[in-house]
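Q: Please see the structure below; I have some questions.
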Amino acid sequence: MSAPAANDAIVSVRDLQVQFQTGDRRSTVKAVDGVDFDVRRGETFGIIGESGSGKTTIGRALVFLLKPSAGAILHNGVDPLAMPRRQFQSHRRDYQIIFQDPNAALNPRMTILSSVLEPLELARAGTKAERLTRAREALDRVGLPPDIGARYPHQLSGGQKQRVVIARALTLRPKLIVCDEVVAALDMSIRGDVLNLFAELQRDLGLTYVFITHDLAVVSHISERIAVMYLGRFVELGPTEQVSEKPLHPYTQALLSAEPRPLPSTMRGAARIMLQGEIPSPIDPPSGCRFRTRCQYAQNLCAEKTPDWRELLPDHWVACHFAGLPNFSPN
Ligand SMILES: Nc1ncnc2c1ncn2[C@@H]1O[C@H](COP(=O)(O)OP(=O)(O)OP(=O)(O)O)[C@@H](O)[C@H]1O
Ligand code: SF4
Ligand SMILES: [Mg+2]
């Protein structure tokens with residue numbers, strides 16, 4: 001039986017599964033394969049993991065850009081898929097997603113103002129004058145000058161384009177934004193500014209974020225809690241400081257250890273753990289613990305039994321048979 005949604009949950013995910021058919025339709029890709037979590041109102045919930053672990057698939061499912069194959073996603077305790085079509089369409093505006101590449105989100109033949117106006121027009125929100133005011137306010141809100149509206153995407157820098165995409169999402173006054181690698185394509189020198197803008201908007205507008213990235217530095221900078229994803233499942237979830245300073249799962253430890261930055265204090269003195277090999281295929285994932293083919297601690301039990309999702313410390317969850325046992329990890 002799944003856990004009931006927490007009172008402050010804006011999103012509750014229960015046993016979420018998303019599967020795709022391969023091109024030849026002979027196999028099934030289990031991109032997300034049994035994930036449970038709540039996103040709390042007003043927080044930034046980070047999701048990290050290697051390429052192909054299923055982060056974007058979760059993000060797209062959270063805003064119903066794709067339909068779960070099984071399990072449930074509740075928004076404020078309600079299942080949007082049970083809503084009548086019109087209500088569903090208007091409900092979806094409250095849950096936005098922003099991707100890595102602003103060029104893919106902006107039509108090169110439309111002026112910036114037309115692009116920002118577009119979602120308001122599709123939603124038939126207010127009068128024409130009100131829509132214009134809202135679009136201009138949104139551009140101002142993300143720190144862009146008023147004359148930018150008349151320009152075209154190719155006349156803007158990468159950072160300015162990503163700000164336009166944020167403004168576009170803001171016009172609909174969303175409650176939650178899924179940010180999928182939103183600073184990954186930006187120059188290092190402006191990443192901090194864009195992350196600060198996200199933090200400022202959250203503070204001023206009461207937004208909730210799901211922040212997806214493979215960059216631990218980014219996620220630790222902005223998130224209250226982090227989930228670590230591996231091959232379609234969460235392996236660890238907890239407060240950012242605890243997960244990054246005292247990781248409980250061997251995969252998280254390996255990810256941290258691979259980071260080009262000082263190791264957490266609890267791991268200093270421990271040898272760096274090399275993540276061997278590639279992430280296995282989600283078409284035919286390893287039995288038991290999915291990380292076992294790359295885990296330096298793997299034992300027979302790990303192939304036989306799927307580890308339970310255990311709350312080992314308050315609000316800090318892990319899926320590993322041995323996590324928490326003495327002498328098991330650098331902790
Ligand atoms: N439409 C699709 N059809 C078939 N397979 C897909 C589809 N979308 C994603 N996948 C597969 O699902 C798995 C998870 O993909 P996903 O894009 O969610 O990973 P990710 O964690 O976001 O990776 P990255 O860090 O590279 O963005 C991958 O094996 C991917 O190839
Ligand atoms: S369950 Fe076994 S294989 Fe999986 S992380 Fe723990 S020790 Fe490693
Ligand atoms: Mg992705």
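Labels for the structure tokens follow display order: chains A, B, ..., residues from 1 in each chain, ligands from 1.
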Could you pull the residues within 10 Å of range 161-173 of chain A, counting only C-alpha atoms, minus those fewer than 5 positions along the same chain, as a ChimeraX atom specification?

A: /A:93-103,105-106,112-120,123,125,131,133-144,148-149,152-156,179,182-183,185-186,194,197-198,201,205,207

Q: Using only C-alpha atoms and all ligand atoms, which residues of the polymer chains come no farther than 6 Å from ligand 1? I'd like the answer as a list in words.

A: Phe20, Gln21, Thr22, Val29, Ala31, Glu50, Ser51, Gly52, Ser53, Gly54, Lys55, Thr56, Thr57 and Pro282 of chain A

Q: Go through range 98-268 of chain A and collect every residue that DSSP, computed from the backbone, puts in strand (DSSP E or B); the answer should be as a count of residues only.

A: 24

Q: Please check which protein, DNA or RNA residues sit within 8 Å of ligand 2, counting only C-alpha atoms and all ligand atoms, and write them as a list in words.

A: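 Here is the list of contacting residues: His249, Pro250, Tyr251, Gly288, Cys289, Arg290, Phe291, Arg292, Thr293, Arg294, Cys295, Gln296, Tyr297, Ala298, Gln299, Leu301, Cys302, Ala303, Thr306, Pro307, Ala319, Cys320, His321, Phe322 and Ala323 of chain A.
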
Q: Generate the output file for the selected residues, C-alpha atoms, as a tab-separated table (two decimals), in the first residue's frame.

A:
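And here's out_5.tsv as it stands now:
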chain	number	residue	atom	x	y	z
A	249	HIS	CA	24.26	4.75	-0.84
A	250	PRO	CA	27.39	3.46	-2.60
A	251	TYR	CA	26.23	5.02	-5.87
A	288	GLY	CA	17.96	-7.42	-7.24
A	289	CYS	CA	19.86	-4.20	-6.70
A	290	ARG	CA	20.35	-2.49	-10.04
A	291	PHE	CA	23.65	-0.97	-8.97
A	292	ARG	CA	25.20	-4.35	-8.13
A	293	THR	CA	27.15	-4.72	-11.39
A	294	ARG	CA	29.15	-1.61	-10.48
A	295	CYS	CA	29.07	-1.75	-6.68
A	296	GLN	CA	32.26	-2.53	-4.82
A	297	TYR	CA	30.23	-3.91	-1.88
A	298	ALA	CA	27.95	-6.26	-3.87
A	299	GLN	CA	27.23	-9.68	-2.33
A	301	LEU	CA	21.99	-11.12	-1.62
A	302	CYS	CA	22.26	-8.06	-3.88
A	303	ALA	CA	21.48	-10.18	-6.97
A	306	THR	CA	15.63	-5.86	-4.42
A	307	PRO	CA	16.65	-3.63	-1.51
A	319	ALA	CA	17.72	1.54	-1.12
A	320	CYS	CA	20.69	-0.65	-0.17
A	321	HIS	CA	20.70	-3.85	1.90
A	322	PHE	CA	23.75	-2.82	3.88
A	323	ALA	CA	23.64	0.97	4.15

Q: Check the DSSP output for the backbone and give back, as JSON, numbers by chain, the residues of range 179-252 of chain A in helix (DSSP H, G or I).

A: {"A": [188, 189, 190, 191, 192, 193, 194, 195, 196, 197, 198, 199, 200, 201, 202, 203, 204, 205, 216, 217, 218, 219, 220, 221, 222, 240, 241, 242, 243, 244, 245, 250, 251, 252]}
